[in-house]
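Have a look at upload-v2.cif; it's mmCIF, N, CA, C and O atoms:
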```
data_run
loop_
_atom_site.label_atom_id
_atom_site.label_comp_id
_atom_site.auth_asym_id
_atom_site.auth_seq_id
_atom_site.Cartn_x
_atom_site.Cartn_y
_atom_site.Cartn_z
N MET A 1 -13.98 -11.09 -21.49
CA MET A 1 -12.99 -10.05 -21.46
C MET A 1 -12.37 -9.96 -20.06
O MET A 1 -13.09 -9.90 -19.07
N ALA A 2 -11.07 -9.98 -19.97
CA ALA A 2 -10.38 -9.94 -18.68
C ALA A 2 -10.44 -8.53 -18.09
O ALA A 2 -10.30 -7.54 -18.81
N ARG A 3 -10.68 -8.48 -16.79
CA ARG A 3 -10.72 -7.19 -16.11
C ARG A 3 -9.38 -6.91 -15.47
O ARG A 3 -8.76 -7.79 -14.89
N THR A 4 -8.95 -5.67 -15.53
CA THR A 4 -7.72 -5.26 -14.87
C THR A 4 -8.07 -4.85 -13.45
O THR A 4 -8.97 -4.04 -13.25
N PRO A 5 -7.39 -5.43 -12.45
CA PRO A 5 -7.72 -5.07 -11.08
C PRO A 5 -7.37 -3.61 -10.79
O PRO A 5 -6.41 -3.07 -11.35
N ALA A 6 -8.15 -2.99 -9.94
CA ALA A 6 -7.87 -1.61 -9.54
C ALA A 6 -6.59 -1.58 -8.71
O ALA A 6 -6.33 -2.51 -7.94
N PRO A 7 -5.79 -0.54 -8.85
CA PRO A 7 -4.57 -0.45 -8.05
C PRO A 7 -4.91 -0.28 -6.57
O PRO A 7 -5.92 0.33 -6.22
N LEU A 8 -4.09 -0.85 -5.72
CA LEU A 8 -4.31 -0.72 -4.28
C LEU A 8 -3.92 0.68 -3.82
O LEU A 8 -3.01 1.30 -4.37
N ASP A 9 -4.60 1.15 -2.81
CA ASP A 9 -4.30 2.45 -2.21
C ASP A 9 -3.24 2.24 -1.14
O ASP A 9 -3.54 2.13 0.04
N VAL A 10 -1.99 2.13 -1.56
CA VAL A 10 -0.87 1.85 -0.66
C VAL A 10 -0.47 3.14 0.04
O VAL A 10 -0.19 4.14 -0.61
N ARG A 11 -0.46 3.10 1.38
CA ARG A 11 -0.15 4.28 2.18
C ARG A 11 0.84 3.94 3.30
O ARG A 11 0.94 2.80 3.72
N CYS A 12 1.51 4.96 3.80
CA CYS A 12 2.44 4.81 4.92
C CYS A 12 1.67 4.32 6.15
O CYS A 12 0.58 4.83 6.45
N LEU A 13 2.21 3.35 6.87
CA LEU A 13 1.56 2.83 8.07
C LEU A 13 1.67 3.80 9.24
O LEU A 13 0.83 3.79 10.13
N ALA A 14 2.68 4.67 9.23
CA ALA A 14 2.89 5.58 10.35
C ALA A 14 2.03 6.84 10.24
O ALA A 14 1.37 7.23 11.19
N CYS A 15 2.01 7.47 9.05
CA CYS A 15 1.32 8.76 8.93
C CYS A 15 0.13 8.74 7.96
O CYS A 15 -0.61 9.71 7.89
N GLY A 16 -0.02 7.67 7.19
CA GLY A 16 -1.15 7.57 6.26
C GLY A 16 -0.94 8.26 4.92
O GLY A 16 -1.84 8.29 4.09
N SER A 17 0.24 8.79 4.70
CA SER A 17 0.52 9.49 3.44
C SER A 17 0.67 8.50 2.28
O SER A 17 1.19 7.41 2.45
N ALA A 18 0.24 8.93 1.10
CA ALA A 18 0.42 8.12 -0.10
C ALA A 18 1.69 8.54 -0.84
O ALA A 18 2.00 8.00 -1.90
N ASP A 19 2.44 9.49 -0.28
CA ASP A 19 3.66 10.00 -0.91
C ASP A 19 4.84 9.10 -0.53
O ASP A 19 5.62 9.39 0.37
N LEU A 20 4.94 7.97 -1.24
CA LEU A 20 5.98 6.98 -0.95
C LEU A 20 7.01 6.97 -2.07
O LEU A 20 6.68 7.18 -3.23
N ASP A 21 8.26 6.71 -1.71
CA ASP A 21 9.34 6.64 -2.70
C ASP A 21 9.33 5.25 -3.32
O ASP A 21 9.90 4.31 -2.80
N MET A 22 8.61 5.14 -4.44
CA MET A 22 8.50 3.85 -5.14
C MET A 22 9.01 4.00 -6.57
O MET A 22 8.42 3.49 -7.51
N SER A 23 10.11 4.70 -6.72
CA SER A 23 10.64 4.99 -8.05
C SER A 23 11.16 3.74 -8.77
O SER A 23 11.30 3.76 -9.98
N VAL A 24 11.41 2.68 -8.04
CA VAL A 24 11.95 1.47 -8.66
C VAL A 24 10.91 0.34 -8.73
O VAL A 24 11.27 -0.80 -8.94
N HIS A 25 9.62 0.65 -8.52
CA HIS A 25 8.54 -0.35 -8.55
C HIS A 25 8.86 -1.52 -7.62
O HIS A 25 9.13 -2.61 -8.08
N PRO A 26 8.84 -1.27 -6.31
CA PRO A 26 9.21 -2.31 -5.35
C PRO A 26 8.23 -3.48 -5.34
O PRO A 26 7.08 -3.34 -5.74
N ARG A 27 8.72 -4.60 -4.87
CA ARG A 27 7.91 -5.82 -4.73
C ARG A 27 8.28 -6.50 -3.43
O ARG A 27 9.42 -6.42 -2.97
N GLY A 28 7.33 -7.21 -2.87
CA GLY A 28 7.61 -8.07 -1.72
C GLY A 28 8.30 -7.41 -0.56
O GLY A 28 7.82 -6.45 0.01
N ASP A 29 9.46 -7.93 -0.20
CA ASP A 29 10.19 -7.45 0.97
C ASP A 29 11.11 -6.28 0.69
O ASP A 29 11.96 -5.95 1.51
N GLU A 30 10.96 -5.63 -0.45
CA GLU A 30 11.81 -4.48 -0.75
C GLU A 30 11.36 -3.28 0.08
O GLU A 30 10.17 -3.04 0.24
N PRO A 31 12.32 -2.51 0.62
CA PRO A 31 11.96 -1.38 1.47
C PRO A 31 11.40 -0.21 0.67
O PRO A 31 11.80 0.05 -0.46
N VAL A 32 10.45 0.47 1.30
CA VAL A 32 9.83 1.66 0.73
C VAL A 32 9.85 2.73 1.82
O VAL A 32 9.51 2.45 2.97
N GLN A 33 10.25 3.95 1.45
CA GLN A 33 10.30 5.03 2.43
C GLN A 33 9.23 6.06 2.15
O GLN A 33 8.99 6.45 1.01
N CYS A 34 8.58 6.53 3.23
CA CYS A 34 7.60 7.61 3.12
C CYS A 34 8.34 8.93 2.97
O CYS A 34 9.27 9.21 3.73
N ARG A 35 7.93 9.72 2.00
CA ARG A 35 8.59 11.02 1.80
C ARG A 35 8.14 12.06 2.81
O ARG A 35 8.80 13.07 2.99
N GLN A 36 7.01 11.81 3.48
CA GLN A 36 6.49 12.77 4.46
C GLN A 36 7.12 12.61 5.83
O GLN A 36 7.58 13.58 6.42
N CYS A 37 7.14 11.37 6.34
CA CYS A 37 7.64 11.18 7.71
C CYS A 37 8.97 10.42 7.77
O CYS A 37 9.57 10.31 8.84
N GLY A 38 9.41 9.83 6.65
CA GLY A 38 10.69 9.13 6.63
C GLY A 38 10.62 7.68 7.09
O GLY A 38 11.63 6.99 7.14
N GLU A 39 9.44 7.21 7.46
CA GLU A 39 9.26 5.83 7.95
C GLU A 39 9.56 4.82 6.84
O GLU A 39 9.18 5.01 5.70
N TRP A 40 10.24 3.73 7.20
CA TRP A 40 10.53 2.65 6.26
C TRP A 40 9.61 1.47 6.54
O TRP A 40 9.36 1.12 7.69
N ASN A 41 9.09 0.85 5.50
CA ASN A 41 8.30 -0.37 5.58
C ASN A 41 8.60 -1.21 4.36
O ASN A 41 9.12 -0.69 3.37
N THR A 42 8.25 -2.48 4.43
CA THR A 42 8.38 -3.29 3.23
C THR A 42 7.13 -3.09 2.38
O THR A 42 6.04 -2.80 2.91
N TYR A 43 7.27 -3.24 1.10
CA TYR A 43 6.13 -3.07 0.21
C TYR A 43 5.05 -4.11 0.52
O TYR A 43 3.86 -3.80 0.47
N LEU A 44 5.47 -5.30 0.91
CA LEU A 44 4.52 -6.35 1.25
C LEU A 44 3.62 -5.92 2.42
O LEU A 44 2.41 -6.10 2.38
N ARG A 45 4.20 -5.34 3.45
CA ARG A 45 3.40 -4.88 4.60
C ARG A 45 2.42 -3.79 4.18
O ARG A 45 1.28 -3.76 4.65
N LEU A 46 2.85 -2.90 3.30
CA LEU A 46 1.97 -1.84 2.82
C LEU A 46 0.83 -2.41 1.99
O LEU A 46 -0.31 -1.95 2.09
N GLU A 47 1.13 -3.42 1.17
CA GLU A 47 0.09 -4.07 0.36
C GLU A 47 -0.93 -4.78 1.25
O GLU A 47 -2.14 -4.70 1.01
N ILE A 48 -0.45 -5.48 2.27
CA ILE A 48 -1.34 -6.19 3.18
C ILE A 48 -2.27 -5.20 3.88
O ILE A 48 -3.48 -5.44 3.99
N ALA A 49 -1.73 -4.09 4.34
CA ALA A 49 -2.55 -3.07 5.00
C ALA A 49 -3.58 -2.49 4.04
O ALA A 49 -4.73 -2.24 4.43
N ALA A 50 -3.21 -2.29 2.78
CA ALA A 50 -4.15 -1.76 1.78
C ALA A 50 -5.29 -2.75 1.52
O ALA A 50 -6.46 -2.36 1.43
N VAL A 51 -4.97 -4.03 1.44
CA VAL A 51 -6.00 -5.05 1.24
C VAL A 51 -6.94 -5.10 2.44
O VAL A 51 -8.16 -5.21 2.28
N GLU A 52 -6.40 -4.97 3.64
CA GLU A 52 -7.24 -4.97 4.84
C GLU A 52 -8.19 -3.77 4.85
O GLU A 52 -9.34 -3.89 5.26
N ARG A 53 -7.73 -2.60 4.39
CA ARG A 53 -8.61 -1.43 4.32
C ARG A 53 -9.76 -1.68 3.34
O ARG A 53 -10.90 -1.31 3.60
N VAL A 54 -9.46 -2.33 2.21
CA VAL A 54 -10.51 -2.66 1.23
C VAL A 54 -11.50 -3.64 1.84
O VAL A 54 -12.72 -3.47 1.72
N ARG A 55 -11.02 -4.64 2.54
CA ARG A 55 -11.90 -5.62 3.19
C ARG A 55 -12.82 -4.96 4.21
O ARG A 55 -14.02 -5.26 4.28
N GLN A 56 -12.27 -4.05 5.01
CA GLN A 56 -13.08 -3.36 6.00
C GLN A 56 -14.15 -2.50 5.33
O GLN A 56 -15.29 -2.45 5.78
N ARG A 57 -13.79 -1.84 4.25
CA ARG A 57 -14.73 -1.00 3.51
C ARG A 57 -15.87 -1.86 2.96
O ARG A 57 -17.03 -1.49 3.01
N LEU A 58 -15.54 -3.04 2.43
CA LEU A 58 -16.56 -3.93 1.87
C LEU A 58 -17.46 -4.50 2.96
O LEU A 58 -18.65 -4.72 2.72
N ARG A 59 -16.91 -4.76 4.15
CA ARG A 59 -17.72 -5.28 5.25
C ARG A 59 -18.77 -4.26 5.71
O ARG A 59 -19.83 -4.62 6.18
N ARG A 60 -18.42 -2.99 5.62
CA ARG A 60 -19.34 -1.93 6.07
C ARG A 60 -20.53 -1.79 5.14
O ARG A 60 -21.53 -1.21 5.53
N ARG A 61 -20.43 -2.26 3.92
CA ARG A 61 -21.53 -2.11 2.95
C ARG A 61 -22.68 -2.98 3.29
O ARG A 61 -22.79 -3.97 3.76
#
```

Can you dump the structure from the file as structure tokens?
Amino acid sequence: MARTPAPLDVRCLACGSADLDMSVHPRGDEPVQCRQCGEWNTYLRLEIAAVERVRQRLRRR
């Protein structure tokens, strides 16, 4: 049986908020704006940061 991967905890790199404007389901280099601080980042950068947080959490175990 195939497992569905857990969604990444994608957060703003500037303020750490998860309140991001992703109404169009961005991918890759598409811009995403934080609704809290207004910072713009690409979705790819946010995904990479989320994966790194998961890796760090797993290393601590």

Q.
Using all atoms listed in the file for the distances, tell me which of A:Arg55, A:Pro7, A:Leu20, A:Arg61 is nearest to Glu39 (chain A).
A. A:Leu20

Q: One decimal, Å: what's the distance from atom O of Arg27 (chain A) over to atom O of Gln56 (chain A), could you say?
A: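 Computing the Euclidean distance for atom O of Arg27 (chain A) and atom O of Gln56 (chain A) yields 26.5 Å.
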
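You can rank A:Cys34, A:Val10, A:Met22, A:Cys15 by their closest distance to Ile48 (chain A) using only C-alpha atoms, and at the top of that list sits A:Val10.
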
Q: Tell me which protein, DNA and RNA residues are within 8 Å of region 50-53 of chain A, counting all atoms listed in the file, leaving out same-chain ones fewer than 6 positions away, and put them as an MDAnalysis selection string.
A: chainID A and resid 8:11 43:44 59:60

Q | Output check: residues returned by the PyMOL selection byres ((chain A and resi 31) around 4.5), as a list in words | A |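 Output of the PyMOL selection byres ((chain A and resi 31) around 4.5): Asp29, Glu30, Val32, Gln33, Asn41 and Thr42 of chain A.
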
Q.
Please extract the residues of region 16-55 of chain A with a backbone DSSP assignment of strand (DSSP E) and present them as a list in words.
A.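 Reading the DSSP output for region 16-55 of chain A, strand (DSSP E) covers Leu20, Asp21, Pro31, Val32, Gln33, Cys34, Trp40, Asn41 and Thr42 of chain A.
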
Q | Atomic separation - atom O of Arg35 (chain A) relative to atom O of Asp19 (chain A), Å | A | 5.5 Å

Q: Could you check how far atom N of Cys37 (chain A) sits from atom N of Arg57 (chain A), in Å to one decimal?
A: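 So the answer is 24.8 Å.
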